[in-house]
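Dropping coords08.cif in here (mmCIF, C-alpha atoms and all ligand atoms):
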data_entry
loop_
_atom_site.label_atom_id
_atom_site.label_comp_id
_atom_site.auth_asym_id
_atom_site.auth_seq_id
_atom_site.Cartn_x
_atom_site.Cartn_y
_atom_site.Cartn_z
CA MET A 1 -10.70 56.68 19.09
CA GLN A 2 -10.26 60.18 17.62
CA LEU A 3 -8.19 60.77 14.52
CA THR A 4 -5.51 63.44 14.73
CA PRO A 5 -5.60 66.39 12.30
CA ALA A 6 -2.63 64.81 10.47
CA GLN A 7 -4.50 61.50 10.11
CA LEU A 8 -7.62 63.28 8.84
CA ALA A 9 -5.54 65.25 6.34
CA GLN A 10 -3.91 62.02 5.16
CA PHE A 11 -7.31 60.37 4.74
CA HIS A 12 -8.64 63.26 2.65
CA HIS A 13 -5.47 63.47 0.56
CA GLU A 14 -4.84 59.77 -0.10
CA GLY A 15 -8.39 58.43 0.24
CA PHE A 16 -7.51 55.89 2.93
CA LEU A 17 -5.96 55.48 6.35
CA PHE A 18 -4.37 52.34 7.81
CA LEU A 19 -4.12 51.99 11.58
CA PRO A 20 -2.11 48.92 12.65
CA GLU A 21 -2.94 46.81 15.74
CA VAL A 22 -6.04 48.63 16.93
CA PHE A 23 -7.79 45.49 18.25
CA ALA A 24 -6.16 43.25 20.88
CA PRO A 25 -5.13 39.67 20.03
CA ALA A 26 -7.86 38.26 22.34
CA GLU A 27 -10.56 40.28 20.57
CA VAL A 28 -9.43 39.23 17.13
CA ALA A 29 -9.04 35.58 18.16
CA THR A 30 -12.68 35.57 19.26
CA LEU A 31 -13.89 37.26 16.05
CA ARG A 32 -11.84 34.84 13.94
CA ALA A 33 -13.24 31.79 15.71
CA GLU A 34 -16.80 33.13 15.43
CA ALA A 35 -16.31 33.83 11.69
CA GLU A 36 -15.07 30.30 11.11
CA THR A 37 -18.13 28.88 12.89
CA LEU A 38 -20.45 31.12 10.84
CA TYR A 39 -18.84 30.04 7.57
CA ARG A 40 -19.68 26.40 8.43
CA SER A 41 -23.36 27.22 8.88
CA ASP A 42 -25.94 27.16 6.13
CA ARG A 43 -27.84 30.43 5.86
CA PRO A 44 -28.74 32.76 2.97
CA GLU A 45 -26.43 35.50 4.24
CA ILE A 46 -23.39 33.29 3.62
CA TRP A 47 -22.20 33.37 0.01
CA ARG A 48 -19.74 30.89 -1.41
CA GLU A 49 -17.14 30.77 -4.14
CA LYS A 50 -17.77 28.45 -7.06
CA SER A 51 -15.65 25.84 -5.17
CA GLY A 52 -18.02 25.98 -2.18
CA ALA A 53 -15.47 27.79 0.03
CA PRO A 54 -16.96 30.74 1.91
CA ARG A 55 -16.73 34.13 0.16
CA THR A 56 -18.58 36.42 2.53
CA ALA A 57 -20.98 36.40 5.48
CA PHE A 58 -23.42 39.31 5.35
CA ALA A 59 -25.11 41.01 8.31
CA ALA A 60 -23.34 38.94 10.98
CA HIS A 61 -23.81 41.82 13.43
CA THR A 62 -27.53 40.95 13.45
CA TYR A 63 -27.11 37.29 14.45
CA ASN A 64 -23.79 37.01 16.29
CA GLU A 65 -22.97 38.71 19.60
CA ALA A 66 -19.23 39.27 18.97
CA PHE A 67 -19.95 40.91 15.62
CA ARG A 68 -22.83 42.92 17.15
CA LEU A 69 -20.29 44.41 19.56
CA LEU A 70 -17.81 45.02 16.74
CA GLY A 71 -20.50 46.77 14.70
CA ALA A 72 -20.93 49.37 17.43
CA ASP A 73 -17.32 49.57 18.59
CA PRO A 74 -16.27 53.17 19.26
CA ARG A 75 -12.86 52.51 17.65
CA LEU A 76 -14.67 52.09 14.32
CA ILE A 77 -17.67 54.40 14.70
CA MET A 78 -15.92 57.50 16.01
CA PRO A 79 -13.34 58.01 13.24
CA VAL A 80 -16.02 57.74 10.55
CA GLU A 81 -18.34 60.08 12.48
CA GLN A 82 -15.44 62.51 12.59
CA VAL A 83 -15.07 62.40 8.79
CA PHE A 84 -18.79 62.87 8.02
CA GLY A 85 -19.67 65.11 10.98
CA GLU A 86 -22.90 63.28 11.78
CA LYS A 87 -24.33 60.08 13.22
CA LEU A 88 -24.03 56.87 11.21
CA TYR A 89 -26.07 53.79 10.50
CA MET A 90 -24.89 50.41 9.20
CA HIS A 91 -25.49 50.22 5.47
CA GLN A 92 -23.75 46.86 5.05
CA PHE A 93 -21.71 44.46 7.17
CA LYS A 94 -19.68 41.61 5.74
CA ILE A 95 -16.92 39.22 6.72
CA ASN A 96 -14.92 38.44 3.60
CA ALA A 97 -13.12 35.12 3.81
CA LYS A 98 -10.59 35.15 0.94
CA ALA A 99 -10.24 31.46 1.81
CA ALA A 100 -6.92 29.60 1.67
CA PHE A 101 -6.39 28.13 -1.85
CA ASP A 102 -9.94 29.06 -3.00
CA GLY A 103 -10.49 32.76 -2.29
CA GLU A 104 -11.39 34.44 -5.57
CA VAL A 105 -10.73 37.89 -7.01
CA TRP A 106 -12.63 41.12 -6.28
CA GLN A 107 -12.41 43.05 -9.52
CA TRP A 108 -11.36 46.72 -9.60
CA HIS A 109 -14.27 48.86 -8.41
CA GLN A 110 -15.48 51.78 -6.33
CA ASP A 111 -17.86 50.90 -3.51
CA TYR A 112 -20.01 53.98 -4.06
CA GLY A 113 -20.55 52.86 -7.66
CA THR A 114 -22.65 49.99 -6.29
CA TRP A 115 -24.27 51.92 -3.44
CA GLN A 116 -25.45 54.61 -5.87
CA ARG A 117 -26.62 52.36 -8.71
CA ASP A 118 -28.07 49.44 -6.74
CA ASP A 119 -29.18 51.07 -3.50
CA GLY A 120 -30.05 54.67 -4.46
CA MET A 121 -27.57 56.24 -2.05
CA PRO A 122 -27.58 60.00 -2.77
CA GLU A 123 -23.94 60.96 -2.02
CA PRO A 124 -20.59 59.23 -1.32
CA ARG A 125 -21.04 59.96 2.38
CA ALA A 126 -20.57 56.31 3.36
CA MET A 127 -17.37 54.36 3.70
CA ASN A 128 -15.90 51.04 4.60
CA ILE A 129 -13.89 50.60 7.74
CA ALA A 130 -12.26 47.19 7.89
CA VAL A 131 -10.65 45.03 10.57
CA PHE A 132 -8.06 42.40 9.68
CA LEU A 133 -8.98 39.06 11.29
CA ASP A 134 -5.98 37.19 9.87
CA THR A 135 -2.48 38.34 9.00
CA VAL A 136 -2.79 40.17 5.69
CA MET A 137 0.29 39.50 3.58
CA PRO A 138 1.42 40.54 0.10
CA ILE A 139 0.76 36.94 -1.01
CA ASN A 140 -2.71 36.07 0.37
CA GLY A 141 -4.92 38.47 -1.56
CA PRO A 142 -4.54 41.77 0.30
CA LEU A 143 -6.84 44.63 -0.57
CA MET A 144 -5.11 46.77 -3.21
CA LEU A 145 -5.91 50.49 -3.27
CA VAL A 146 -5.22 53.17 -5.86
CA PRO A 147 -4.21 56.21 -3.78
CA ARG A 148 -5.97 59.48 -4.60
CA SER A 149 -8.38 57.83 -7.05
CA HIS A 150 -11.31 59.02 -4.88
CA ARG A 151 -10.78 62.51 -6.32
CA HIS A 152 -12.13 61.45 -9.72
CA GLY A 153 -15.73 61.11 -8.54
CA THR A 154 -17.90 58.18 -9.52
CA LEU A 155 -16.51 56.61 -12.68
CA ALA A 156 -18.33 54.80 -15.48
CA ALA A 157 -18.60 51.08 -14.72
CA GLY A 158 -19.99 47.86 -16.15
CA HIS A 159 -22.15 45.38 -14.24
CA ASP A 160 -20.18 42.13 -14.00
CA VAL A 161 -22.39 39.25 -12.88
CA ALA A 162 -20.21 36.44 -14.22
CA THR A 163 -16.64 36.63 -12.91
CA THR A 164 -17.41 35.65 -9.30
CA SER A 165 -20.48 34.76 -7.24
CA TYR A 166 -20.78 38.43 -6.29
CA PRO A 167 -22.19 40.90 -8.87
CA LEU A 168 -20.16 44.09 -8.98
CA TRP A 169 -19.96 47.37 -10.93
CA THR A 170 -16.40 47.10 -12.24
CA LEU A 171 -14.02 49.52 -13.96
CA ASP A 172 -12.44 48.93 -17.36
CA HIS A 173 -8.72 48.41 -17.87
CA ASP A 174 -8.07 51.83 -19.42
CA THR A 175 -9.62 53.61 -16.45
CA VAL A 176 -7.57 51.57 -13.97
CA ARG A 177 -4.40 52.03 -16.04
CA ARG A 178 -4.88 55.81 -16.08
CA LEU A 179 -5.55 56.09 -12.34
CA VAL A 180 -2.67 53.77 -11.43
CA ALA A 181 -0.28 55.75 -13.64
CA ASP A 182 -1.09 58.66 -11.35
CA GLY A 183 -1.43 57.13 -7.90
CA GLY A 184 0.25 53.72 -8.05
CA ILE A 185 -1.10 50.79 -6.03
CA VAL A 186 -0.66 50.14 -2.32
CA ALA A 187 -1.65 47.05 -0.35
CA PRO A 188 -1.73 47.63 3.42
CA THR A 189 -0.56 44.47 5.19
CA GLY A 190 -0.05 43.48 8.79
CA ALA A 191 -1.13 41.60 11.86
CA PRO A 192 -4.70 40.74 12.83
CA GLY A 193 -6.34 43.71 14.53
CA GLY A 194 -5.29 46.32 11.97
CA VAL A 195 -7.94 48.80 10.80
CA LEU A 196 -8.26 50.22 7.29
CA MET A 197 -10.73 52.96 6.36
CA PHE A 198 -11.19 54.12 2.77
CA HIS A 199 -13.31 56.61 0.85
CA GLY A 200 -16.37 55.29 -0.99
CA ASN A 201 -14.91 56.40 -4.34
CA LEU A 202 -11.42 54.97 -3.78
CA VAL A 203 -10.64 52.40 -6.50
CA HIS A 204 -9.71 49.01 -5.06
CA GLY A 205 -9.74 45.26 -5.67
CA SER A 206 -7.97 42.08 -4.62
CA ALA A 207 -6.43 39.08 -6.35
CA GLY A 208 -7.25 35.45 -5.68
CA ASN A 209 -5.63 33.58 -2.79
CA ILE A 210 -3.78 30.40 -3.80
CA THR A 211 -1.77 30.24 -0.57
CA PRO A 212 -2.57 28.08 2.50
CA TYR A 213 -3.08 31.31 4.48
CA PRO A 214 -6.66 32.57 4.83
CA ARG A 215 -7.21 36.35 4.72
CA LYS A 216 -10.37 37.21 6.59
CA ILE A 217 -11.32 40.88 6.78
CA VAL A 218 -14.55 42.26 8.26
CA TYR A 219 -16.02 45.39 6.64
CA LEU A 220 -18.45 47.79 8.27
CA THR A 221 -20.06 50.07 5.70
CA LEU A 222 -21.11 53.12 7.67
CA ASN A 223 -23.44 55.65 6.07
CA ALA A 224 -24.27 59.18 7.30
CA VAL A 225 -27.86 58.97 8.58
CA SER A 226 -29.10 61.82 6.32
CA ASN A 227 -27.66 59.93 3.32
CA TYR A 228 -29.97 56.91 3.82
CA ILE A 229 -30.66 54.85 0.70
CA ARG A 230 -33.69 55.91 -1.35
CA THR A 231 -34.28 53.14 -3.90
CA PRO A 232 -32.86 49.82 -2.69
CA THR A 233 -32.94 46.81 -5.01
CA ARG A 234 -30.88 44.35 -2.97
CA PRO A 235 -32.10 42.23 -0.03
CA ALA A 236 -32.26 44.03 3.32
CA TRP A 237 -29.47 41.88 4.72
CA ILE A 238 -27.13 43.24 2.00
CA ALA A 239 -28.31 46.88 1.88
CA HIS A 240 -29.88 47.50 5.27
CA ARG A 241 -33.14 49.44 5.80
CA ASP A 242 -32.60 50.15 9.49
CA PHE A 243 -31.44 53.76 9.41
CA ALA A 244 -31.33 54.21 13.19
CA PRO A 245 -28.13 55.92 14.35
CA ILE A 246 -25.58 53.58 15.89
CA GLU A 247 -25.03 54.19 19.59
CA PRO A 248 -21.49 52.96 20.29
CA VAL A 249 -21.07 50.30 22.99
CA ALA A 250 -18.71 50.98 25.89
CA ALA A 251 -14.99 50.93 25.20
CA GLY A 252 -13.85 47.50 26.34
CA ALA A 253 -17.17 45.74 25.63
CA LEU A 254 -15.68 43.50 22.96
CA LEU A 255 -12.61 42.70 25.07
CA ASP A 256 -14.85 41.81 28.06
CA TYR A 257 -16.89 39.56 25.83
CA ALA A 258 -13.75 37.91 24.45
CA LEU A 259 -12.18 37.36 27.87
CA HIS A 260 -15.21 36.53 30.04
CA ASP A 261 -18.69 36.31 28.55
CA ARG A 262 -17.92 34.13 25.59
CA VAL A 263 -15.99 31.66 27.72
CA ALA A 264 -18.89 31.58 30.23
CA ALA A 265 -21.39 30.92 27.42
CA GLU A 266 -19.52 27.82 26.24
C1 LIG B 1 -14.55 44.75 -1.28
O1 LIG B 1 -13.99 45.41 -2.10
O2 LIG B 1 -15.66 45.10 -0.88
C2 LIG B 1 -13.90 43.54 -0.70
C3 LIG B 1 -12.60 43.17 -1.28
C4 LIG B 1 -11.85 42.16 -0.47
O3 LIG B 1 -12.27 41.78 0.64
O4 LIG B 1 -10.79 41.74 -0.93
MN MN B 2 -15.26 47.22 -2.28
#
Encoded form using structure tokens:
Amino acid sequence: MQLTPAQLAQFHHEGFLFLPEVFAPAEVATLRAEAETLYRSDRPEIWREKSGAPRTAFAAHTYNEAFRLLGADPRLIMPVEQVFGEKLYMHQFKINAKAAFDGEVWQWHQDYGTWQRDDGMPEPRAMNIAVFLDTVMPINGPLMLVPRSHRHGTLAAGHDVATTSYPLWTLDHDTVRRLVADGGIVAPTGAPGGVLMFHGNLVHGSAGNITPYPRKIVYLTLNAVSNYIRTPTRPAWIAHRDFAPIEPVAAGALLDYALHDRVAAE
């Protein structure tokens, strides 16, 4: 999937791009079912909210075939390669649950703030590209973005280890107020299968989910190979050390798996 010049210009100007209904319903149904099975398992890569509900499953592309295929899907790899102009490796991979009733907040932050401070990533030449696994609605904790905030570089942040089970470099209220006064807040919503890519310095966060509707989103963090992390402090299943360039799988590999292979394996 190649981005058009207009889409690339929009990404650079706004700091994000939302592409609705990129993945087919059968593909997303498989990914959703696999995520739900993973959340029920007990492994160190699965982090939970204080209630015990799942919060995120790290590195699922290394132990689950459907997510392995997603992690090398050309529809996700090619647009990010286009932006950075070089091959990519997987810096992080996570399936965020934002569970019905129990999904907790993600405080306002910039992703590169963490990648720089915790992982020793030299430049903001990595970004998240996300796939909606459930319907993302205004009411179930959508990701909220501050348009154009990526133009302010990497902002001062505090290390919050207490608010949720996930330590994060978060922004103070005055900073968020100032950036929102300028750019506003948008929350892309839509059907499962939508894709959202956003700049590593784009300010974002999400509120808790008190609705009965889960809001699972899977995030690939793709880093330009030359921008590999220099001084990692986090476990290798959070900040990966395999800097080998991703070779995309064939177009249709995930759909084939969803329609044939997975059924055959059951
Ligand atoms: C993130 O900012 O990395 C995740 C936020 C979310 O899934 O709501
Ligand atoms: Mn983030």
If you count only C-alpha atoms and all ligand atoms, which residues end up within 7 Å of ligand MN 2 (chain B), as a tab-separated table (two decimals) with C-alpha atoms, in the coordinates of the input?
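What follows is the written file out_24.tsv:
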chain	number	residue	atom	x	y	z
A	109	HIS	CA	-14.27	48.86	-8.41
A	110	GLN	CA	-15.48	51.78	-6.33
A	111	ASP	CA	-17.86	50.90	-3.51
A	204	HIS	CA	-9.71	49.01	-5.06
A	205	GLY	CA	-9.74	45.26	-5.67
- Top pick for closest residue to Ile238 (chain A), considering A:Phe67, A:Phe93, A:Phe23, A:Phe16 and counting all atoms listed in the file: A:Phe93
List every protein, DNA or RNA residue that has at least one atom no more than 8 Å from (-23.3, 52.6, 18.8) in the file's coordinates, counting only C-alpha atoms, and write the result as a compact mmCIF listing (two decimals) with C-alpha atoms, keeping the file's coordinate frame.
# COMPACT_ATOMS: atom_id res chain seq x y z
CA GLY A 71 -20.50 46.77 14.70
CA ALA A 72 -20.93 49.37 17.43
CA ASP A 73 -17.32 49.57 18.59
CA PRO A 74 -16.27 53.17 19.26
CA ILE A 77 -17.67 54.40 14.70
CA PRO A 245 -28.13 55.92 14.35
CA ILE A 246 -25.58 53.58 15.89
CA GLU A 247 -25.03 54.19 19.59
CA PRO A 248 -21.49 52.96 20.29
CA VAL A 249 -21.07 50.30 22.99
- Item | Which of A:Arg68, A:His150, A:Arg234, A:Arg177 sits closest to Leu254 (chain A) [using only C-alpha atoms] |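 Closest to Leu254 (chain A) of all the choices is A:Arg68.
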- Message: Please find the residues contacting ligand LIG 1 (chain B) at a distance of at most 7 Å between atoms, with only C-alpha atoms and all ligand atoms counted, and report them as a list in words.
- Response: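 Sorted by chain and then by number, the residues are Asn96, Lys98, Trp106, Asp111, Gly141, Pro142, Leu143, His204, Gly205, Ser206 and Ile217 of chain A.
Comparing the minimum interatomic distances between Asn223 (chain A) and each of A:Ala156, A:Ala239, A:Leu202, A:Leu168, counting all atoms listed in the file, we find that A:Ala239 sits nearest.
Among A:Ala9, A:Leu179, A:Ala66, A:Ala207, the residue with the shortest atom-to-atom distance to Leu38 (chain A), counting all atoms listed in the file, is A:Ala66.
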- Item | Separation of CA of Asp42 (chain A) from CA of Pro167 (chain A), in Å and rounded to one decimal | 20.7 Å
- Using only C-alpha atoms, which residues sit within 8 Å of Thr211 (chain A) once same-chain residues fewer than 6 positions away are excluded, as a list in words? Ala100, Phe101, Ile139 and Asn140 of chain A
- Figure out the distance between CA of Pro192 (chain A) and CA of Ser165 (chain A), please, to one decimal in Å.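 It comes out at 26.2 Å.
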- Item | Gln116 (chain A) surroundings by all atoms listed in the file, 10 Å radius, close-in-sequence under 3 positions cut, as a VMD selection string | chain A and resid 111 to 113 119 to 124 154 229 to 232
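One finds CA of Met137 (chain A) at 27.3 Å from CA of Ala162 (chain A).
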- If you count only C-alpha atoms, the residue of A:Thr189, A:His173, A:Lys216, A:Arg148 closest to Val136 (chain A) turns out to be A:Thr189
Could you add whatever atoms are missing so that region 51-62 of chain A carries all heavy atoms, then write the result as a PDB file, keeping the file's coordinate frame?
ATOM      1  N   SER A  51     -16.169  27.082  -5.774  1.00  0.00           N
ATOM      2  CA  SER A  51     -15.650  25.840  -5.170  1.00  0.00           C
ATOM      3  C   SER A  51     -16.464  25.405  -3.952  1.00  0.00           C
ATOM      4  O   SER A  51     -16.291  24.284  -3.468  1.00  0.00           O
ATOM      5  CB  SER A  51     -14.211  26.071  -4.703  1.00  0.00           C
ATOM      6  OG  SER A  51     -14.225  27.003  -3.616  1.00  0.00           O
ATOM      7  N   GLY A  52     -17.296  26.282  -3.418  1.00  0.00           N
ATOM      8  CA  GLY A  52     -18.020  25.980  -2.180  1.00  0.00           C
ATOM      9  C   GLY A  52     -17.375  26.625  -0.955  1.00  0.00           C
ATOM     10  O   GLY A  52     -17.971  26.682   0.115  1.00  0.00           O
ATOM     11  N   ALA A  53     -16.128  27.090  -1.100  1.00  0.00           N
ATOM     12  CA  ALA A  53     -15.470  27.790   0.030  1.00  0.00           C
ATOM     13  C   ALA A  53     -16.248  29.070   0.332  1.00  0.00           C
ATOM     14  O   ALA A  53     -16.852  29.657  -0.568  1.00  0.00           O
ATOM     15  CB  ALA A  53     -14.031  28.137  -0.370  1.00  0.00           C
ATOM     16  N   PRO A  54     -16.227  29.504   1.593  1.00  0.00           N
ATOM     17  CA  PRO A  54     -16.960  30.740   1.910  1.00  0.00           C
ATOM     18  C   PRO A  54     -16.345  31.942   1.204  1.00  0.00           C
ATOM     19  O   PRO A  54     -15.128  32.014   1.047  1.00  0.00           O
ATOM     20  CB  PRO A  54     -16.811  30.868   3.425  1.00  0.00           C
ATOM     21  CG  PRO A  54     -15.624  30.045   3.780  1.00  0.00           C
ATOM     22  CD  PRO A  54     -15.536  28.956   2.751  1.00  0.00           C
ATOM     23  N   ARG A  55     -17.202  32.851   0.743  1.00  0.00           N
ATOM     24  CA  ARG A  55     -16.730  34.130   0.160  1.00  0.00           C
ATOM     25  C   ARG A  55     -17.000  35.266   1.128  1.00  0.00           C
ATOM     26  O   ARG A  55     -16.121  36.036   1.448  1.00  0.00           O
ATOM     27  CB  ARG A  55     -17.410  34.399  -1.182  1.00  0.00           C
ATOM     28  CG  ARG A  55     -16.964  35.716  -1.844  1.00  0.00           C
ATOM     29  CD  ARG A  55     -17.420  35.785  -3.274  1.00  0.00           C
ATOM     30  NE  ARG A  55     -17.069  37.026  -3.950  1.00  0.00           N
ATOM     31  CZ  ARG A  55     -15.883  37.303  -4.508  1.00  0.00           C
ATOM     32  NH1 ARG A  55     -14.899  36.431  -4.407  1.00  0.00           N
ATOM     33  NH2 ARG A  55     -15.678  38.423  -5.137  1.00  0.00           N
ATOM     34  N   THR A  56     -18.247  35.340   1.599  1.00  0.00           N
ATOM     35  CA  THR A  56     -18.580  36.420   2.530  1.00  0.00           C
ATOM     36  C   THR A  56     -19.766  36.008   3.404  1.00  0.00           C
ATOM     37  O   THR A  56     -20.585  35.182   2.993  1.00  0.00           O
ATOM     38  CB  THR A  56     -18.883  37.727   1.761  1.00  0.00           C
ATOM     39  OG1 THR A  56     -18.893  38.823   2.667  1.00  0.00           O
ATOM     40  CG2 THR A  56     -20.190  37.688   0.997  1.00  0.00           C
ATOM     41  N   ALA A  57     -19.820  36.577   4.589  1.00  0.00           N
ATOM     42  CA  ALA A  57     -20.980  36.400   5.480  1.00  0.00           C
ATOM     43  C   ALA A  57     -21.562  37.789   5.710  1.00  0.00           C
ATOM     44  O   ALA A  57     -20.909  38.645   6.312  1.00  0.00           O
ATOM     45  CB  ALA A  57     -20.566  35.764   6.791  1.00  0.00           C
ATOM     46  N   PHE A  58     -22.766  38.008   5.203  1.00  0.00           N
ATOM     47  CA  PHE A  58     -23.420  39.310   5.350  1.00  0.00           C
ATOM     48  C   PHE A  58     -24.129  39.413   6.712  1.00  0.00           C
ATOM     49  O   PHE A  58     -24.638  38.405   7.239  1.00  0.00           O
ATOM     50  CB  PHE A  58     -24.502  39.494   4.279  1.00  0.00           C
ATOM     51  CG  PHE A  58     -23.973  39.804   2.901  1.00  0.00           C
ATOM     52  CD1 PHE A  58     -24.000  38.848   1.909  1.00  0.00           C
ATOM     53  CD2 PHE A  58     -23.463  41.056   2.602  1.00  0.00           C
ATOM     54  CE1 PHE A  58     -23.531  39.130   0.629  1.00  0.00           C
ATOM     55  CE2 PHE A  58     -22.990  41.354   1.331  1.00  0.00           C
ATOM     56  CZ  PHE A  58     -23.025  40.382   0.343  1.00  0.00           C
ATOM     57  N   ALA A  59     -24.227  40.634   7.198  1.00  0.00           N
ATOM     58  CA  ALA A  59     -25.110  41.010   8.310  1.00  0.00           C
ATOM     59  C   ALA A  59     -24.861  40.228   9.593  1.00  0.00           C
ATOM     60  O   ALA A  59     -25.767  40.072  10.414  1.00  0.00           O
ATOM     61  CB  ALA A  59     -26.588  40.874   7.894  1.00  0.00           C
ATOM     62  N   ALA A  60     -23.630  39.766   9.799  1.00  0.00           N
ATOM     63  CA  ALA A  60     -23.340  38.940  10.980  1.00  0.00           C
ATOM     64  C   ALA A  60     -23.573  39.706  12.285  1.00  0.00           C
ATOM     65  O   ALA A  60     -23.795  39.090  13.331  1.00  0.00           O
ATOM     66  CB  ALA A  60     -21.905  38.422  10.918  1.00  0.00           C
ATOM     67  N   HIS A  61     -23.564  41.030  12.210  1.00  0.00           N
ATOM     68  CA  HIS A  61     -23.810  41.820  13.430  1.00  0.00           C
ATOM     69  C   HIS A  61     -25.253  41.676  13.895  1.00  0.00           C
ATOM     70  O   HIS A  61     -25.569  42.059  15.017  1.00  0.00           O
ATOM     71  CB  HIS A  61     -23.474  43.300  13.187  1.00  0.00           C
ATOM     72  CG  HIS A  61     -24.385  43.972  12.222  1.00  0.00           C
ATOM     73  ND1 HIS A  61     -24.642  43.471  10.969  1.00  0.00           N
ATOM     74  CD2 HIS A  61     -25.130  45.106  12.334  1.00  0.00           C
ATOM     75  CE1 HIS A  61     -25.499  44.258  10.354  1.00  0.00           C
ATOM     76  NE2 HIS A  61     -25.803  45.257  11.156  1.00  0.00           N
ATOM     77  N   THR A  62     -26.128  41.117  13.043  1.00  0.00           N
ATOM     78  CA  THR A  62     -27.530  40.950  13.450  1.00  0.00           C
ATOM     79  C   THR A  62     -27.800  39.557  14.034  1.00  0.00           C
ATOM     80  O   THR A  62     -28.877  39.326  14.570  1.00  0.00           O
ATOM     81  CB  THR A  62     -28.507  41.199  12.271  1.00  0.00           C
ATOM     82  OG1 THR A  62     -28.266  40.217  11.253  1.00  0.00           O
ATOM     83  CG2 THR A  62     -28.338  42.593  11.689  1.00  0.00           C
TER      84      THR A  62
END
